[in-house]
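Please read the structure below before turning to the comments.
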Amino acid sequence: MTVSAQPSEWLRGVLELCVLRVIAEGPTYGYAIAARLAAAGFGDVKGGTLYPLLARLEKNLLVTVVWRTGDGGPERKYFTLTDAGHRELEHGLDRWQAFSTRVTDHLSAADATIPRSRP
Amino acid sequence: MNETPRVQEPHQEVWQRPFVLAQQEWCGAFVLELRLREVPGPVIGERLAEVERHCAESGETPAGAFGDATSYARQIDVESSPERVSGAWTIAALGAAQVVALIVGTAATRTWAEGGVLTWNAVQVACLALVLLVVLAVPRLVRPLITHTWVVGPAVVALVVLASLGSAVSGRFVTSSVLPVPAAVVAVGLFGVVVVLAWLEYRELATDDLVTSPLTPAAGDGAQQVRRRWNALVPTALAPVCYLALGAVPWFVG
């Protein structure tokens, strides 16, 4: 996975949540999800990273899949969030909010006590 | 989004798809790894269709987007449904039974033509059991045969050759018979067994979970059904035909 905006380790931890968030916007397919993540600034998420994650979502019944054509285009495998997927997304968002707040608080507090190096 | 459900058409085997023909090496390695992991054919076809569609839209090669085919196959399989097929083991068992019936039956035909009584000594029975085990183990041997061809291949061949030689040599020196039976009954009876097994194998192969793509078939592949039937018929007809050919030799050659 090539990520320009942040270390790839950071994205790896929240990629599933980000993908769930994209699918929550409506039925969509693999390449469109990758493009949406790239547009959101997450960089180039390779197929080798994205599709195993989508397979896991399918196995865990968080999404349903169907092969169909869309807007007269070619056949694609569309992913739709299930009720369980929506619940997982909400739960994940809550956990992420709590975690990011904790990290931000910690870094802000540390920032105040660390002496700045002179230029 | 104006989406229309895909019109259901007969699914095409992936091997005729232009993408697979163009990326034969990557696709072949990907399918092989998933086959060895006993993933059902239509599931493999769907995974390959994901790769095909992604590459078509991104303009990347499979290796560029998904990395090494074997590693990706393992990764996607770990994350997928644990559904498995056992067709390879059924066909191996049918094949093993056919090999044994062929060996015993053609030996019985020779004895019948010579007007003798069929006898088997303990060494010959043991050698036959060894060959049976080797044929039964074929599904397990495929991966080592591919990854260590020059180590495992000669070992398997040597085992079968040794069993054949052991059986032939013991026929000359070991006289105590453990299986004296009328040769004609065995010869005719086992031909019937071989035919029934061949029919069962044909049924298994004809309805086998082929690696089919969920994508619309490429144009001009009307011969697929015929090819599929031949692919099932040729290997299954082999044992009965060999049985007749080998069984006829003693009658005509003397």
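Ordering of the structure tokens sets the chain letters (A, B, ...), residue numbers begin anew at 1 in every chain, and ligands are numbered from 1 in the order given.
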
### Task
Using only C-alpha atoms, select each residue of chain A with any atom at most 9 Å away from an atom of chain B, and give the selection as a ChimeraX atom specification.
/A:27,30-31,46-49,51-60,66-72,74-77

### Message
So that I can check the surroundings of range 133-149 of chain B, please list as JSON, numbers by chain every protein, DNA and RNA residue that reaches within 7 Å of it, counting only C-alpha atoms and ignoring chain neighbours fewer than 4 positions away.
### Response
{"B": [36, 88, 89, 92, 93, 96, 129, 153]}

### Query
Using only C-alpha atoms, which residues sit within 8 Å of Leu197 in chain B once same-chain residues fewer than 5 positions away are excluded, as number ranges by chain?
B: 94, 97-98

Could you save the residues just selected, with all heavy atoms, as a PDB file, in the first residue's frame?
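Ended up saving to again21.pdb:
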ATOM      1  N   LEU B  94     -12.127 -42.715  -6.816  1.00  0.00           N
ATOM      2  CA  LEU B  94     -12.652 -43.448  -7.973  1.00  0.00           C
ATOM      3  C   LEU B  94     -11.510 -43.914  -8.871  1.00  0.00           C
ATOM      4  O   LEU B  94     -11.509 -45.037  -9.371  1.00  0.00           O
ATOM      5  CB  LEU B  94     -13.620 -42.556  -8.766  1.00  0.00           C
ATOM      6  CG  LEU B  94     -14.968 -42.257  -8.084  1.00  0.00           C
ATOM      7  CD1 LEU B  94     -15.715 -41.157  -8.842  1.00  0.00           C
ATOM      8  CD2 LEU B  94     -15.819 -43.516  -8.027  1.00  0.00           C
ATOM      9  N   ALA B  97      -9.663 -46.854  -7.292  1.00  0.00           N
ATOM     10  CA  ALA B  97     -10.436 -48.088  -7.434  1.00  0.00           C
ATOM     11  C   ALA B  97     -10.334 -48.624  -8.861  1.00  0.00           C
ATOM     12  O   ALA B  97     -10.218 -49.840  -9.088  1.00  0.00           O
ATOM     13  CB  ALA B  97     -11.893 -47.835  -7.069  1.00  0.00           C
ATOM     14  N   GLN B  98     -10.330 -47.701  -9.832  1.00  0.00           N
ATOM     15  CA  GLN B  98     -10.223 -48.113 -11.239  1.00  0.00           C
ATOM     16  C   GLN B  98      -8.862 -48.738 -11.529  1.00  0.00           C
ATOM     17  O   GLN B  98      -8.769 -49.730 -12.247  1.00  0.00           O
ATOM     18  CB  GLN B  98     -10.435 -46.909 -12.155  1.00  0.00           C
ATOM     19  CG  GLN B  98     -11.899 -46.628 -12.422  1.00  0.00           C
ATOM     20  CD  GLN B  98     -12.086 -45.534 -13.452  1.00  0.00           C
ATOM     21  OE1 GLN B  98     -11.265 -44.642 -13.560  1.00  0.00           O
ATOM     22  NE2 GLN B  98     -13.165 -45.601 -14.182  1.00  0.00           N
TER      23      GLN B  98
END

### Task
Excluding Val196 in chain B and any residue of its chain fewer than 6 positions from it, enumerate the residues within 12 Å of it, using only C-alpha atoms, and give them as an MDAnalysis selection string.
chainID B and resid 94:95 97:98 101 189:190 202:203 236:237 239:240

Those same residues, written as an mmCIF file, in the first residue's frame with all heavy atoms?
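File produced: part_38.cif:
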data_model
loop_
_atom_site.group_PDB
_atom_site.id
_atom_site.type_symbol
_atom_site.label_atom_id
_atom_site.label_comp_id
_atom_site.auth_asym_id
_atom_site.auth_seq_id
_atom_site.Cartn_x
_atom_site.Cartn_y
_atom_site.Cartn_z
ATOM 1 N N LEU B 94 -12.127 -42.715 -6.816
ATOM 2 C CA LEU B 94 -12.652 -43.448 -7.973
ATOM 3 C C LEU B 94 -11.510 -43.914 -8.871
ATOM 4 O O LEU B 94 -11.509 -45.037 -9.371
ATOM 5 C CB LEU B 94 -13.620 -42.556 -8.766
ATOM 6 C CG LEU B 94 -14.968 -42.257 -8.084
ATOM 7 C CD1 LEU B 94 -15.715 -41.157 -8.842
ATOM 8 C CD2 LEU B 94 -15.819 -43.516 -8.027
ATOM 9 N N GLY B 95 -10.519 -43.017 -9.066
ATOM 10 C CA GLY B 95 -9.367 -43.363 -9.904
ATOM 11 C C GLY B 95 -8.572 -44.510 -9.295
ATOM 12 O O GLY B 95 -8.143 -45.421 -10.013
ATOM 13 N N ALA B 97 -9.663 -46.854 -7.292
ATOM 14 C CA ALA B 97 -10.436 -48.088 -7.434
ATOM 15 C C ALA B 97 -10.334 -48.624 -8.861
ATOM 16 O O ALA B 97 -10.218 -49.840 -9.088
ATOM 17 C CB ALA B 97 -11.893 -47.835 -7.069
ATOM 18 N N GLN B 98 -10.330 -47.701 -9.832
ATOM 19 C CA GLN B 98 -10.223 -48.113 -11.239
ATOM 20 C C GLN B 98 -8.862 -48.738 -11.529
ATOM 21 O O GLN B 98 -8.769 -49.730 -12.247
ATOM 22 C CB GLN B 98 -10.435 -46.909 -12.155
ATOM 23 C CG GLN B 98 -11.899 -46.628 -12.422
ATOM 24 C CD GLN B 98 -12.086 -45.534 -13.452
ATOM 25 O OE1 GLN B 98 -11.265 -44.642 -13.560
ATOM 26 N NE2 GLN B 98 -13.165 -45.601 -14.182
ATOM 27 N N ALA B 101 -8.810 -52.203 -10.085
ATOM 28 C CA ALA B 101 -9.664 -53.085 -10.896
ATOM 29 C C ALA B 101 -8.997 -53.407 -12.228
ATOM 30 O O ALA B 101 -9.073 -54.530 -12.723
ATOM 31 C CB ALA B 101 -11.018 -52.421 -11.127
ATOM 32 N N GLY B 189 -16.363 -59.533 -14.113
ATOM 33 C CA GLY B 189 -16.911 -58.752 -12.992
ATOM 34 C C GLY B 189 -16.204 -57.417 -12.837
ATOM 35 O O GLY B 189 -16.852 -56.366 -12.672
ATOM 36 N N LEU B 190 -14.873 -57.444 -12.925
ATOM 37 C CA LEU B 190 -14.137 -56.189 -12.731
ATOM 38 C C LEU B 190 -14.299 -55.227 -13.908
ATOM 39 O O LEU B 190 -14.211 -54.017 -13.737
ATOM 40 C CB LEU B 190 -12.657 -56.478 -12.479
ATOM 41 C CG LEU B 190 -12.346 -57.005 -11.065
ATOM 42 C CD1 LEU B 190 -10.863 -57.252 -10.883
ATOM 43 C CD2 LEU B 190 -12.834 -56.028 -9.992
ATOM 44 N N TYR B 202 -17.406 -39.750 -14.501
ATOM 45 C CA TYR B 202 -17.912 -38.823 -15.519
ATOM 46 C C TYR B 202 -18.926 -37.862 -14.900
ATOM 47 O O TYR B 202 -18.888 -36.659 -15.142
ATOM 48 C CB TYR B 202 -18.562 -39.601 -16.669
ATOM 49 C CG TYR B 202 -19.219 -38.701 -17.694
ATOM 50 C CD1 TYR B 202 -18.466 -38.015 -18.635
ATOM 51 C CD2 TYR B 202 -20.600 -38.519 -17.694
ATOM 52 C CE1 TYR B 202 -19.055 -37.167 -19.559
ATOM 53 C CE2 TYR B 202 -21.206 -37.668 -18.611
ATOM 54 C CZ TYR B 202 -20.434 -37.000 -19.543
ATOM 55 O OH TYR B 202 -21.028 -36.154 -20.444
ATOM 56 N N ARG B 203 -19.815 -38.435 -14.098
ATOM 57 C CA ARG B 203 -20.822 -37.586 -13.417
ATOM 58 C C ARG B 203 -20.152 -36.543 -12.546
ATOM 59 O O ARG B 203 -20.545 -35.380 -12.510
ATOM 60 C CB ARG B 203 -21.728 -38.466 -12.554
ATOM 61 C CG ARG B 203 -22.970 -38.911 -13.286
ATOM 62 C CD ARG B 203 -23.901 -39.663 -12.400
ATOM 63 N NE ARG B 203 -23.925 -39.190 -11.014
ATOM 64 C CZ ARG B 203 -24.803 -39.565 -10.116
ATOM 65 N NH1 ARG B 203 -25.742 -40.397 -10.458
ATOM 66 N NH2 ARG B 203 -24.758 -39.126 -8.893
ATOM 67 N N THR B 236 -12.487 -40.222 -18.305
ATOM 68 C CA THR B 236 -13.276 -41.296 -17.688
ATOM 69 C C THR B 236 -13.368 -42.520 -18.593
ATOM 70 O O THR B 236 -13.499 -43.646 -18.116
ATOM 71 C CB THR B 236 -14.702 -40.812 -17.347
ATOM 72 O OG1 THR B 236 -15.278 -40.232 -18.508
ATOM 73 C CG2 THR B 236 -14.696 -39.807 -16.239
ATOM 74 N N ALA B 237 -13.285 -42.304 -19.921
ATOM 75 C CA ALA B 237 -13.371 -43.441 -20.853
ATOM 76 C C ALA B 237 -12.042 -44.199 -20.911
ATOM 77 O O ALA B 237 -11.993 -45.321 -21.402
ATOM 78 C CB ALA B 237 -13.745 -42.945 -22.245
ATOM 79 N N ALA B 239 -10.075 -45.666 -18.642
ATOM 80 C CA ALA B 239 -9.927 -46.936 -17.919
ATOM 81 C C ALA B 239 -10.675 -48.091 -18.611
ATOM 82 O O ALA B 239 -10.075 -49.148 -18.842
ATOM 83 C CB ALA B 239 -10.388 -46.773 -16.475
ATOM 84 N N PRO B 240 -11.966 -47.918 -18.990
ATOM 85 C CA PRO B 240 -12.640 -49.026 -19.691
ATOM 86 C C PRO B 240 -11.956 -49.387 -21.010
ATOM 87 O O PRO B 240 -11.836 -50.559 -21.354
ATOM 88 C CB PRO B 240 -14.056 -48.474 -19.935
ATOM 89 C CG PRO B 240 -14.246 -47.419 -18.914
ATOM 90 C CD PRO B 240 -12.904 -46.818 -18.689
#

### Distance in Å - CA of Tyr29 in chain A versus CA of Val45 in chain A
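We find that CA of Tyr29 in chain A and CA of Val45 in chain A lie 13.9 Å from each other.
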
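If you look at CA of Gly45 in chain B and CA of Pro217 in chain B, they are 12.3 Å away from each other.
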
### Task
Looking only at alpha helix (DSSP H) from DSSP on the backbone, list the matching residues of chain A as a VMD selection string.
chain A and resid 8 to 24 30 to 37 47 to 59 83 to 113

### Query
So, counting only C-alpha atoms, which residue among B:Val185, B:Val151, B:Val249, B:Gly28 is closest to Val117 in chain B?
B:Val185

### Task
Identify, on the basis of only C-alpha atoms, every residue whose closest approach to range 14-22 of chain A does not exceed 7 Å; exclude the query and any residue fewer than 6 positions from it along the same chain; express the result as a list in words.
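In the requested form, the answer reads Ile33, Leu53, Leu89 and Gly92 of chain A.
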
So that I have them on file, write out the residues from the current selection with N, CA and C atoms, as a tab-separated table (two decimals), in the first residue's frame.
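Produced file result-v9.tsv, reproduced below:
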chain	number	residue	atom	x	y	z
A	33	ILE	N	-14.33	2.45	-4.49
A	33	ILE	CA	-13.95	2.63	-3.09
A	33	ILE	C	-12.50	3.11	-3.01
A	53	LEU	N	-9.82	-7.11	2.45
A	53	LEU	CA	-10.63	-6.44	3.48
A	53	LEU	C	-12.12	-6.55	3.12
A	89	LEU	N	-20.25	0.14	11.87
A	89	LEU	CA	-19.73	1.47	11.52
A	89	LEU	C	-19.97	2.44	12.68
A	92	GLY	N	-17.72	1.57	15.49
A	92	GLY	CA	-16.34	1.93	15.14
A	92	GLY	C	-16.11	3.43	15.23

### Task
Would you please extract all strand (DSSP E) residues from chain A, as assigned by DSSP on the backbone, and give them as a VMD selection string?
chain A and resid 28 to 29 63 to 70 75 to 81

### Query
Rounded to one decimal in Å, what is the spacing between CA of Leu48 in chain B and CA of Val14 in chain B?
8.1 Å

### Query
From the list B:Glu52, B:Leu165, B:Trp120, B:Leu244, which residue is nearest Arg17 in chain B when using only C-alpha atoms?
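Closest to Arg17 in chain B, using only C-alpha atoms: B:Glu52.
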